>>> print(open('upload_36.txt').read())   # compact mmCIF, C-alpha atoms and all ligand atoms
# COMPACT_ATOMS: atom_id res chain seq x y z
CA MET E 13 121.22 84.01 54.87
CA GLU E 14 117.53 84.01 54.52
CA PRO E 15 114.55 82.80 56.44
CA THR E 16 114.19 79.09 56.03
CA LYS E 17 111.14 78.52 58.12
CA ASN E 18 108.15 80.45 59.30
CA PHE E 19 106.66 79.40 62.58
CA ASN E 20 102.85 79.39 62.62
CA THR E 21 102.48 81.50 59.55
CA THR E 22 101.46 81.14 55.97
CA PRO E 23 103.75 81.61 52.97
CA GLY E 24 104.15 85.18 51.81
CA MET E 25 104.24 86.65 55.25
CA ALA E 26 106.70 89.37 56.17
CA GLY E 27 110.17 88.15 57.07
CA GLU E 28 110.64 86.21 53.86
CA SER E 29 112.34 89.00 51.94
CA PHE E 30 115.52 90.89 52.84
CA ASP E 31 113.42 94.06 52.60
CA ASP E 32 111.45 93.08 55.67
CA PHE E 33 114.42 93.26 58.02
CA LYS E 34 115.33 96.44 59.83
CA ALA E 35 119.03 95.51 59.75
CA PRO E 36 121.23 92.85 58.19
CA LEU E 37 121.14 89.39 59.72
CA PHE E 38 124.72 88.70 58.81
CA LEU E 39 127.85 90.76 58.30
CA ALA E 40 130.76 89.35 56.33
CA TRP E 41 133.67 91.60 57.16
CA GLN E 42 137.05 91.41 55.49
CA ILE E 43 139.00 93.21 58.16
CA ASN E 44 142.25 93.42 56.20
CA SER E 45 143.79 92.57 52.91
CA VAL E 46 147.21 91.59 54.16
CA CYS E 47 148.04 87.92 53.96
CA ASN E 48 151.17 85.85 54.36
CA LEU E 49 150.06 83.52 51.57
CA GLY E 50 149.37 83.98 47.89
CA CYS E 51 146.83 81.28 47.19
CA LEU E 52 146.10 80.59 43.53
CA HIS E 53 142.36 80.52 44.23
CA CYS E 54 142.07 83.57 46.52
CA CYS E 55 138.77 85.35 45.81
CA GLU E 56 140.03 88.54 47.39
CA GLU E 57 143.38 88.70 45.63
CA ALA E 58 144.74 89.22 49.12
CA GLY E 59 148.37 89.85 49.95
CA HIS E 60 149.05 93.54 50.51
CA HIS E 61 147.36 96.52 52.11
CA ILE E 62 144.85 98.34 49.96
CA PRO E 63 144.49 102.12 50.03
CA GLY E 64 142.07 103.56 52.56
CA GLU E 65 141.86 100.61 54.97
CA MET E 66 139.81 101.49 58.03
CA THR E 67 141.69 103.06 60.92
CA ARG E 68 141.27 101.82 64.46
CA ASP E 69 138.81 104.64 65.26
CA GLN E 70 136.80 103.94 62.14
CA ILE E 71 136.70 100.25 63.01
CA PHE E 72 135.32 100.84 66.50
CA ASN E 73 132.87 103.46 65.28
CA PHE E 74 131.63 100.86 62.79
CA LEU E 75 131.44 98.16 65.47
CA HIS E 76 129.34 100.37 67.75
CA GLN E 77 126.85 100.70 64.91
CA VAL E 78 126.89 96.95 64.29
CA ARG E 79 125.94 96.48 67.93
CA GLU E 80 123.29 99.21 67.92
CA MET E 81 121.64 97.82 64.79
CA GLY E 82 121.40 94.40 66.41
CA ILE E 83 123.25 92.47 63.73
CA PRO E 84 123.24 88.98 65.24
CA TYR E 85 126.07 87.26 63.38
CA VAL E 86 129.45 88.47 62.10
CA ALA E 87 132.14 86.60 60.19
CA ILE E 88 135.61 88.14 60.14
CA SER E 89 137.96 87.20 57.37
CA GLY E 90 140.70 88.95 55.44
CA GLY E 91 143.35 88.68 54.07
CA GLU E 92 144.55 86.94 57.14
CA PRO E 93 142.60 88.45 60.07
CA LEU E 94 145.13 87.37 62.68
CA LEU E 95 147.63 89.74 61.07
CA HIS E 96 145.40 92.70 61.92
CA PRO E 97 146.86 94.59 64.91
CA ASP E 98 143.43 95.12 66.51
CA PHE E 99 142.06 91.64 65.85
CA PHE E 100 141.66 90.51 69.46
CA GLU E 101 140.18 93.79 70.64
CA VAL E 102 137.68 93.59 67.80
CA ALA E 103 136.83 89.98 68.68
CA GLU E 104 136.38 90.92 72.34
CA PHE E 105 134.09 93.80 71.43
CA ILE E 106 131.92 91.56 69.26
CA GLN E 107 131.79 88.86 71.90
CA GLU E 108 130.86 91.31 74.66
CA ALA E 109 128.15 92.75 72.43
CA GLY E 110 126.51 89.31 72.39
CA ILE E 111 127.05 88.92 68.67
CA SER E 112 127.83 85.48 67.29
CA LEU E 113 131.30 85.51 65.75
CA LYS E 114 133.01 83.28 63.24
CA VAL E 115 136.67 83.81 62.37
CA GLU E 116 137.95 82.61 59.02
CA THR E 117 141.72 82.13 59.00
CA ASN E 118 144.43 80.22 57.18
CA GLY E 119 145.45 78.86 60.58
CA GLU E 120 149.13 79.74 60.31
CA PHE E 121 149.23 82.10 63.29
CA ILE E 122 147.50 79.97 65.88
CA ASP E 123 150.04 79.29 68.57
CA ASP E 124 149.31 78.11 72.13
CA ARG E 125 148.64 81.65 73.35
CA THR E 126 146.23 82.33 70.51
CA VAL E 127 144.41 79.09 71.24
CA GLU E 128 144.03 80.18 74.88
CA ARG E 129 142.61 83.52 73.81
CA PHE E 130 140.20 81.91 71.36
CA ALA E 131 139.05 79.45 74.02
CA ALA E 132 138.47 82.28 76.50
CA LEU E 133 136.45 84.25 73.96
CA ASP E 134 134.22 81.21 73.39
CA PHE E 135 132.80 82.44 70.12
CA ARG E 136 130.77 80.58 67.53
CA SER E 137 133.64 79.05 65.61
CA VAL E 138 137.02 79.26 63.99
CA GLN E 139 137.09 78.22 60.36
CA ILE E 140 140.43 77.05 59.01
CA SER E 141 141.26 76.61 55.35
CA LEU E 142 142.75 73.20 54.66
CA ASP E 143 142.69 72.30 51.00
CA GLY E 144 143.94 68.77 51.31
CA ALA E 145 144.61 65.81 53.52
CA THR E 146 148.31 66.07 52.70
CA SER E 147 150.80 68.91 52.70
CA ALA E 148 151.68 68.38 49.02
CA THR E 149 148.10 68.92 47.88
CA HIS E 150 147.37 71.85 50.18
CA GLU E 151 150.60 73.66 49.46
CA VAL E 152 150.42 73.45 45.69
CA LEU E 153 147.41 75.80 45.88
CA ARG E 154 148.36 77.83 48.92
CA LEU E 155 151.63 79.30 47.80
CA LYS E 156 153.92 79.76 50.81
CA GLY E 157 151.33 77.84 52.84
CA ASN E 158 152.27 75.36 55.53
CA TRP E 159 149.78 72.51 55.87
CA GLY E 160 151.46 71.28 59.06
CA LYS E 161 150.82 74.61 60.82
CA SER E 162 147.15 74.75 59.84
CA HIS E 163 146.63 71.10 60.72
CA ALA E 164 148.29 71.60 64.12
CA ALA E 165 146.11 74.68 64.70
CA VAL E 166 142.94 72.62 64.20
CA ARG E 167 144.23 69.97 66.61
CA LYS E 168 145.07 72.53 69.30
CA LEU E 169 141.81 74.42 68.96
CA VAL E 170 139.70 71.28 69.19
CA LYS E 171 141.70 70.13 72.22
CA LYS E 172 140.85 73.41 73.97
CA GLY E 173 137.16 73.02 73.16
CA VAL E 174 136.96 75.69 70.45
CA THR E 175 134.31 74.92 67.82
CA THR E 176 136.45 74.37 64.76
CA GLU E 177 135.49 73.93 61.14
CA ILE E 178 137.50 73.14 58.05
CA VAL E 179 136.91 74.82 54.70
CA PHE E 180 138.04 73.03 51.57
CA VAL E 181 137.97 74.69 48.15
CA PRO E 182 137.92 72.07 45.40
CA THR E 183 140.14 72.66 42.39
CA SER E 184 141.63 70.37 39.78
CA PHE E 185 144.68 70.09 42.08
CA ASN E 186 142.96 68.79 45.20
CA ILE E 187 139.45 67.59 44.40
CA HIS E 188 140.63 63.95 44.50
CA GLU E 189 141.39 64.40 48.21
CA VAL E 190 137.97 65.56 49.33
CA GLY E 191 137.09 62.21 50.93
CA PRO E 192 140.33 61.88 52.93
CA ALA E 193 140.05 65.57 53.92
CA ILE E 194 136.59 64.95 55.40
CA ASP E 195 137.89 61.90 57.28
CA MET E 196 140.77 64.03 58.54
CA ALA E 197 138.33 66.69 59.78
CA TYR E 198 136.37 64.06 61.65
CA ASN E 199 139.49 62.47 63.14
CA LEU E 200 140.64 65.89 64.30
CA GLY E 201 137.31 66.39 66.10
CA CYS E 202 135.99 69.22 63.95
CA TYR E 203 132.44 70.45 64.27
CA GLY E 204 132.02 70.79 60.53
CA PHE E 205 133.50 70.47 57.08
CA TYR E 206 132.47 73.03 54.47
CA THR E 207 132.96 73.00 50.74
CA GLY E 208 131.33 74.10 47.50
CA LYS E 209 132.23 74.91 43.93
CA ILE E 210 135.20 77.23 43.50
CA MET E 211 134.14 80.82 42.76
CA ARG E 212 135.46 82.39 39.59
CA ILE E 213 136.50 85.65 41.16
CA GLY E 214 139.72 87.35 42.21
CA ARG E 215 142.86 85.27 41.63
CA ALA E 216 140.71 82.20 40.98
CA ALA E 217 139.38 83.97 37.87
CA LEU E 218 142.92 84.72 36.71
CA ASN E 219 143.93 81.06 37.17
CA TRP E 220 140.57 79.65 36.10
CA ASP E 221 141.73 77.32 33.33
CA LYS E 222 144.26 75.70 35.66
CA LEU E 223 141.98 75.49 38.67
CA ASN E 224 138.47 74.70 37.52
CA PRO E 225 137.65 71.01 38.02
CA THR E 226 136.00 69.13 35.17
CA GLU E 227 132.32 68.17 35.34
CA GLU E 228 133.38 64.52 35.90
CA GLN E 229 135.59 65.55 38.80
CA TYR E 230 132.73 67.52 40.35
CA LYS E 231 130.35 64.62 39.84
CA ALA E 232 132.73 62.24 41.62
CA CYS E 233 133.30 64.82 44.36
CA PHE E 234 129.58 65.36 45.04
CA LYS E 235 129.06 61.60 45.15
CA ILE E 236 131.74 61.37 47.83
CA LEU E 237 130.18 64.32 49.65
CA ASP E 238 126.80 62.57 49.66
CA GLU E 239 128.37 59.41 51.06
CA LYS E 240 130.35 61.28 53.69
CA THR E 241 127.31 63.30 54.72
CA LYS E 242 125.56 60.01 55.48
CA GLN E 243 128.63 58.46 57.11
CA TYR E 244 129.07 61.36 59.52
CA LYS E 245 125.39 62.12 60.14
CA ASP E 246 124.94 63.24 63.76
CA LYS E 247 128.73 63.11 64.24
CA MET E 248 130.06 65.98 62.16
CA LYS E 249 128.36 68.48 59.91
CA VAL E 250 129.40 67.93 56.29
CA TYR E 251 128.08 70.93 54.45
CA TYR E 252 128.42 71.57 50.76
CA TYR E 253 126.85 74.13 48.54
CA PRO E 254 126.22 72.44 45.20
CA TYR E 255 125.64 75.59 43.13
CA ASP E 256 128.23 77.60 41.30
CA VAL E 257 128.54 81.34 41.36
CA ILE E 258 126.32 81.82 38.29
CA GLU E 259 123.50 79.82 39.87
CA GLU E 260 124.01 81.85 43.03
CA LEU E 261 123.71 85.12 41.09
CA LYS E 262 120.51 83.98 39.38
CA TYR E 263 119.05 83.22 42.78
CA ARG E 264 120.28 86.42 44.44
CA LEU E 265 118.82 88.55 41.69
CA GLN E 266 115.41 87.25 42.79
CA LYS E 267 116.20 87.00 46.46
CA PRO E 268 119.07 89.09 47.78
CA SER E 269 120.33 87.99 51.16
CA ALA E 270 119.86 90.02 54.34
CA SER E 271 123.59 90.47 54.71
CA LEU E 272 126.36 92.96 54.06
CA LEU E 273 129.86 92.37 52.77
CA VAL E 274 132.29 95.00 54.04
CA ILE E 275 135.79 95.05 52.62
CA PRO E 276 138.92 96.44 54.32
CA ASN E 277 138.52 100.05 53.12
CA GLY E 278 134.91 100.20 54.35
CA ASN E 279 133.36 99.73 50.92
CA THR E 280 130.25 97.59 51.05
CA LYS E 281 129.78 95.21 48.17
CA LEU E 282 126.42 93.92 47.02
CA ILE E 283 127.85 90.42 46.78
CA GLY E 284 131.37 89.05 46.24
CA PRO E 285 131.11 88.15 42.53
CA LEU E 286 129.74 91.55 41.42
CA PRO E 287 131.82 94.74 41.27
CA PHE E 288 129.11 96.94 42.78
CA ILE E 289 129.64 99.03 45.89
CA CYS E 290 126.52 100.41 47.54
CA GLY E 291 128.19 102.51 50.23
CA ASN E 292 131.11 102.89 52.57
CA VAL E 293 130.85 102.40 56.32
CA LYS E 294 133.52 105.06 56.88
CA GLU E 295 131.44 107.65 55.03
CA GLN E 296 127.83 106.75 55.76
CA PRO E 297 126.10 105.50 58.88
CA LEU E 298 125.59 101.74 58.75
CA GLY E 299 121.80 102.16 58.68
CA GLU E 300 122.12 104.25 55.54
CA VAL E 301 124.44 101.67 53.96
CA TRP E 302 121.79 99.02 54.63
CA GLU E 303 119.11 101.15 52.93
CA ARG E 304 121.45 101.73 49.98
CA TYR E 305 122.07 97.98 49.76
CA LYS E 306 118.35 97.29 49.54
CA LYS E 307 117.87 99.98 46.91
CA ALA E 308 120.92 98.88 44.91
CA TRP E 309 119.52 95.46 44.12
CA ARG E 310 116.70 97.20 42.23
CA GLU E 311 118.96 99.46 40.17
CA PRO E 312 118.63 98.70 36.44
CA ARG E 313 122.44 98.92 36.12
CA VAL E 314 122.88 96.13 38.65
CA ILE E 315 120.16 93.95 37.18
CA GLU E 316 121.42 94.36 33.63
CA PHE E 317 125.06 93.72 34.51
CA THR E 318 124.16 90.65 36.58
CA LYS E 319 122.20 89.26 33.64
CA ARG E 320 125.22 89.87 31.42
CA VAL E 321 127.46 88.02 33.87
CA ILE E 322 125.03 85.12 33.92
CA LYS E 323 125.32 84.93 30.11
CA ASP E 324 129.08 85.54 30.05
CA PRO E 325 130.90 84.29 33.18
CA ASN E 326 134.13 85.85 31.86
CA LEU E 327 132.76 89.10 33.31
CA LEU E 328 133.28 87.65 36.79
CA ALA E 329 136.89 88.74 36.37
CA GLU E 330 135.55 92.32 36.89
CA SER E 331 134.45 91.56 40.44
CA ASN E 332 137.26 93.56 42.04
CA LYS E 333 136.95 96.53 39.67
CA TRP E 334 134.64 98.34 42.02
CA GLN E 335 131.83 100.50 40.74
CA ASN E 336 129.96 102.72 43.12
CA ILE E 337 126.30 102.37 42.16
CA PHE E 338 125.26 105.71 43.57
CA GLU E 339 128.20 107.70 42.23
CA THR E 340 129.66 107.93 38.77
CA ARG E 341 133.36 107.48 39.62
CA SER E 342 134.67 103.92 39.71
CA GLU E 343 137.40 102.52 41.87
CA THR E 344 139.81 99.73 41.20
CA CYS E 345 141.04 97.26 43.75
CA SER E 346 144.81 97.27 43.87
CA ALA E 347 145.13 94.28 46.19
CA MET P 1372 113.52 76.46 79.12
CA GLU P 1373 116.19 78.48 77.44
CA PHE P 1374 117.41 79.39 74.02
CA LYS P 1375 120.47 77.51 72.84
CA LYS P 1376 123.86 79.15 73.14
CA HIS P 1377 124.25 80.28 69.53
CA VAL P 1378 120.69 81.48 69.07
CA ARG P 1379 120.20 85.21 68.57
CA ILE P 1380 116.82 86.89 68.60
CA ARG P 1381 115.78 90.26 67.20
CA LYS P 1382 112.51 92.12 67.17
CA GLU P 1383 111.20 93.14 63.77
CA LYS P 1384 108.13 95.00 62.54
CA PHE P 1385 106.60 91.71 61.41
CA GLY P 1386 107.35 89.91 64.68
CA MET P 1387 110.64 88.28 65.55
CA VAL P 1388 113.61 86.80 63.77
CA ILE P 1389 115.40 83.87 65.38
CA PHE P 1390 118.86 83.04 64.10
CA GLU P 1391 120.51 79.75 65.02
CA THR P 1392 123.98 80.93 64.11
CA LEU P 1393 125.81 77.64 64.61
CA LYS P 1394 123.61 75.82 62.11
CA GLU P 1395 123.08 79.03 60.16
CA LYS P 1396 119.31 78.70 60.11
CA VAL P 1397 116.92 81.62 60.23
CA PHE P 1398 113.33 81.48 61.45
CA VAL P 1399 110.72 84.19 61.57
CA THR P 1400 107.53 84.56 63.56
CA ASN P 1401 104.49 86.81 63.48
CA PRO P 1402 103.70 89.22 66.37
CA THR P 1403 102.00 86.50 68.41
CA GLY P 1404 105.07 84.30 68.12
CA ALA P 1405 107.12 87.31 69.19
CA GLU P 1406 104.99 87.65 72.35
CA ILE P 1407 105.75 84.05 73.25
CA ILE P 1408 109.44 84.45 72.54
CA GLU P 1409 109.69 87.60 74.68
CA ARG P 1410 108.26 85.64 77.58
CA LEU P 1411 110.51 82.64 77.00
CA LYS P 1412 113.46 85.03 77.07
CA ASP P 1413 112.21 86.21 80.45
CA LYS P 1414 112.33 82.54 81.56
CA LYS P 1415 108.56 82.26 81.96
CA THR P 1416 107.07 78.77 81.93
CA PRO P 1417 104.59 77.68 79.24
CA ASP P 1418 101.79 77.76 81.85
CA THR P 1419 102.57 81.35 82.79
CA ILE P 1420 102.77 82.32 79.12
CA ILE P 1421 99.37 80.73 78.45
CA THR P 1422 97.78 82.50 81.41
CA GLU P 1423 99.24 85.86 80.46
CA LEU P 1424 98.26 85.62 76.78
CA ALA P 1425 94.75 84.40 77.64
CA SER P 1426 94.18 87.39 79.88
CA GLN P 1427 95.83 89.81 77.44
CA TYR P 1428 93.63 88.71 74.53
CA GLY P 1429 90.56 87.80 76.60
CA ALA P 1430 90.68 84.35 75.03
CA ASP P 1431 90.00 80.83 76.22
CA ALA P 1432 93.15 79.46 77.92
CA ALA P 1433 92.58 75.99 76.42
CA VAL P 1434 92.68 77.38 72.87
CA ILE P 1435 95.74 79.50 73.65
CA ALA P 1436 97.42 76.48 75.25
CA ASP P 1437 97.24 74.49 72.02
CA ASP P 1438 98.89 77.28 70.05
CA VAL P 1439 101.55 78.05 72.64
CA ASN P 1440 102.49 74.40 73.16
CA CYS P 1441 102.62 73.75 69.44
CA PHE P 1442 104.82 76.82 68.97
CA ILE P 1443 107.18 75.86 71.79
CA ASN P 1444 107.43 72.26 70.58
CA ASN P 1445 108.33 73.57 67.18
CA LEU P 1446 111.15 75.67 68.67
CA VAL P 1447 112.42 72.60 70.52
CA ARG P 1448 112.18 70.41 67.43
CA GLN P 1449 114.17 72.97 65.43
CA GLU P 1450 116.76 72.88 68.22
CA VAL P 1451 116.63 76.57 69.03
CA LEU P 1452 115.11 76.06 72.46
CA ALA P 1453 116.23 73.57 75.10
CA LYS P 1454 113.70 72.07 77.49
S1 LIG E 1501 142.82 82.51 50.22
FE1 LIG E 1501 143.01 83.22 52.34
S2 LIG E 1501 145.05 82.51 52.95
FE2 LIG E 1501 145.02 82.46 50.73
S3 LIG E 1501 145.84 84.42 50.02
FE3 LIG E 1501 143.61 84.61 50.14
S4 LIG E 1501 143.21 85.44 52.17
FE4 LIG E 1501 145.29 84.61 52.19
>>> encode(input="upload_36.txt", output="structure tokens", more="lines below")
Ligand code: SF4
Amino acid sequence: MEPTKNFNTTPGMAGESFDDFKAPLFLAWQINSVCNLGCLHCCEEAGHHIPGEMTRDQIFNFLHQVREMGIPYVAISGGEPLLHPDFFEVAEFIQEAGISLKVETNGEFIDDRTVERFAALDFRSVQISLDGATSATHEVLRLKGNWGKSHAAVRKLVKKGVTTEIVFVPTSFNIHEVGPAIDMAYNLGCYGFYTGKIMRIGRAALNWDKLNPTEEQYKACFKILDEKTKQYKDKMKVYYYPYDVIEELKYRLQKPSASLLVIPNGNTKLIGPLPFICGNVKEQPLGEVWERYKKAWREPRVIEFTKRVIKDPNLLAESNKWQNIFETRSETCSA
Amino acid sequence: MEFKKHVRIRKEKFGMVIFETLKEKVFVTNPTGAEIIERLKDKKTPDTIITELASQYGADAAVIADDVNCFINNLVRQEVLAK
């Protein structure tokens, strides 16, 4: 997230750099690591608990700080966030704090009661992962996944007036279905359809040769996305991010975003594709973690490693081998 | 006039940050823009805002009116403020 427009100002004014902000504008929070699925392309390598996950007290202590710092927008993901025992209390807290909330889920635990609760909370949106317009395509990627459940969840949420979005990760297995998937999203009444190049991190990095679409496949996909964007203009938001993770890293090195990525054990990553941890919200006040984040992007170790990753994308496979920038010991994700 | 449902506003040293969280668009203003936004949040009309700013800065209301109206129209055009 970064400023896209200055009102009545000239370029170069304050508010254009992440440094200018007193607090993050966006918090991406992976509340848990547990998931019922084992998707081939999971960036988080989710499935099981990881050591040191935040306790209930730590979670609410953290949330009080999120509110006090005035962070305007939070996205909760996992793992599968609906498997977290405190999920609804957390969502209620965020909603009552006046913070905009997006929930990213695989959609497999959205029964009628959950839909009612989501509708009552009236938050920004629910984002559901649907990687195909058919069960065969979706389920080949989302091991143990049930397309019918996720599809039904979208239908029910839309019916109850919940702003619902679909996320589609293109791989060599499903990229041919991007057009039908967008049509499906529109027919279901979704607010938006989001996609972008698959990120070579987590399990996606391990399965990269199987998953990564060819350049021709991407070319055909982006052509369809252009057409669909026009077709659904003013009817449904078709959003795609055309850059891959390397292009993203090049950009972020110049212009880090005003956001924090907090993982289930409280560690705060600089950005998903890099292994660097700048702090832990269980151990440091959130304000201090934000200052550490800003400082971390200027650390020679971070800059040098990022440049190495840009030259050698194989290093993206290190993204979950955490390295604490301000301490010498390193930690390894056992998710 | 009111800010749209998913718009969040925060004061900053440089002025104000406006975040349209549904469209995921961020806007920033300088301190003068922040003064206008504070008053819009308090549900003040453009005329009241112009009068208040003119007296606060000892400036000509006609000149202030151009700036305030242009600023407000911009907020409406960017779909962060509803008329
Ligand atoms: S991609 Fe999502 S649904 Fe799949 S294993 Fe990872 S967290 Fe679970």
>>> residues_near_ligand(input="upload_36.txt", ligand="ligand LIG 1501 (chain E)", cutoff="7 Å", atoms="all atoms listed in the file", output="list in words")
Cys47, Asn48, Leu49, Gly50, Cys51, His53, Cys54, Cys55, Glu56, Glu57, Ala58, Gly59, Gly90, Gly91, Glu92, Thr117, Asn118 and Arg154 of chain E
>>> closest_residue(input="upload_36.txt", among="E:Pro192, E:Gly284, E:Pro182, E:Pro268", to="E:Lys306", atoms="all atoms listed in the file")
E:Pro268
>>> atom_distance(input="upload_36.txt", atom1="atom CA of E:Glu228", atom2="atom CA of E:Pro325")
20.1 Å
>>> atom_distance(input="upload_36.txt", atom1="atom CA of P:Ala1432", atom2="atom CA of P:Val1451")
25.3 Å
>>> residues_around(input="upload_36.txt", residues="P:Lys1394", least_positions_apart="3", cutoff="12 Å", atoms="all atoms listed in the file", output="short mmCIF file (atom, residue, chain, number, x, y, z; two decimals) with C-alpha atoms, keeping the file's coordinate frame")
data_model
loop_
_atom_site.label_atom_id
_atom_site.label_comp_id
_atom_site.auth_asym_id
_atom_site.auth_seq_id
_atom_site.Cartn_x
_atom_site.Cartn_y
_atom_site.Cartn_z
CA MET E 13 121.22 84.01 54.87
CA THR E 16 114.19 79.09 56.03
CA TYR E 85 126.07 87.26 63.38
CA SER E 112 127.83 85.48 67.29
CA ARG E 136 130.77 80.58 67.53
CA SER E 137 133.64 79.05 65.61
CA TYR E 203 132.44 70.45 64.27
CA GLY E 204 132.02 70.79 60.53
CA MET E 248 130.06 65.98 62.16
CA LYS E 249 128.36 68.48 59.91
CA VAL E 250 129.40 67.93 56.29
CA TYR E 251 128.08 70.93 54.45
CA LYS P 1375 120.47 77.51 72.84
CA LYS P 1376 123.86 79.15 73.14
CA HIS P 1377 124.25 80.28 69.53
CA VAL P 1378 120.69 81.48 69.07
CA ARG P 1379 120.20 85.21 68.57
CA ILE P 1389 115.40 83.87 65.38
CA PHE P 1390 118.86 83.04 64.10
CA GLU P 1391 120.51 79.75 65.02
CA VAL P 1397 116.92 81.62 60.23
CA PHE P 1398 113.33 81.48 61.45
CA GLN P 1449 114.17 72.97 65.43
CA GLU P 1450 116.76 72.88 68.22
CA VAL P 1451 116.63 76.57 69.03
#
>>> axis_aligned_box(input="upload_36.txt", around="stretch 53-67 of chain E", padding_each_side="6 Å", output="lines of an AutoDock Vina configuration file")
center_x = 143.9
center_y = 92.0
center_z = 52.6
size_x = 22.3
size_y = 35.0
size_z = 28.7
>>> closest_residue(input="upload_36.txt", among="P:Val1388, P:Lys1415, P:Ile1408, P:Phe1374", to="chain E", atoms="all atoms listed in the file")
P:Val1388
>>> residues_around(input="upload_36.txt", residues="E:Phe38", least_positions_apart="3", cutoff="8 Å", atoms="only C-alpha atoms", output="count of residues only")
9
>>> interface_residues(input="upload_36.txt", of="chain P", to="chain E", cutoff="8 Å", atoms="all atoms listed in the file", output="list of chain:residue names")
P:His1377, P:Arg1379, P:Ile1380, P:Arg1381, P:Glu1383, P:Lys1384, P:Phe1385, P:Val1388, P:Phe1390, P:Thr1392, P:Leu1393, P:Glu1395, P:Lys1396, P:Val1397, P:Phe1398, P:Val1399, P:Thr1400, P:Asn1401, P:Gly1404, P:Phe1442, P:Asn1445
>>> atom_distance(input="upload_36.txt", atom1="atom CA of E:Val138", atom2="atom CA of E:Glu116")
6.1 Å
>>> closest_residue(input="upload_36.txt", among="E:Leu52, E:Leu328, E:Ile187, E:Ile258", to="E:Leu155", atoms="all atoms listed in the file")
E:Leu52
>>> closest_residue(input="upload_36.txt", among="P:Met1372, P:Asp1438, P:Asp1431, P:Pro1402", to="P:Lys1454", atoms="only C-alpha atoms")
P:Met1372
>>> closest_residue(input="upload_36.txt", among="P:Asn1440, P:Met1387, P:Leu1446, P:Ala1430", to="P:Thr1416", atoms="only C-alpha atoms")
P:Asn1440
>>> residues_around(input="upload_36.txt", residues="P:Thr1419", least_positions_apart="5", cutoff="12 Å", atoms="only C-alpha atoms", output="PDB file with C-alpha atoms, in the frame of the given file")
ATOM      1  CA  ILE P1407     105.750  84.050  73.250  1.00  0.00           C
ATOM      2  CA  ARG P1410     108.260  85.640  77.580  1.00  0.00           C
ATOM      3  CA  LEU P1411     110.510  82.640  77.000  1.00  0.00           C
ATOM      4  CA  ASP P1413     112.210  86.210  80.450  1.00  0.00           C
ATOM      5  CA  LYS P1414     112.330  82.540  81.560  1.00  0.00           C
ATOM      6  CA  LEU P1424      98.260  85.620  76.780  1.00  0.00           C
ATOM      7  CA  ALA P1425      94.750  84.400  77.640  1.00  0.00           C
ATOM      8  CA  SER P1426      94.180  87.390  79.880  1.00  0.00           C
ATOM      9  CA  ALA P1432      93.150  79.460  77.920  1.00  0.00           C
ATOM     10  CA  ILE P1435      95.740  79.500  73.650  1.00  0.00           C
ATOM     11  CA  ALA P1436      97.420  76.480  75.250  1.00  0.00           C
ATOM     12  CA  VAL P1439     101.550  78.050  72.640  1.00  0.00           C
ATOM     13  CA  ASN P1440     102.490  74.400  73.160  1.00  0.00           C
TER      14      ASN P1440
END
>>> residues_around(input="upload_36.txt", residues="E:Asn224", least_positions_apart="4", cutoff="8 Å", atoms="only C-alpha atoms", output="PyMOL selection string")
chain E and resi 183-184+210+220
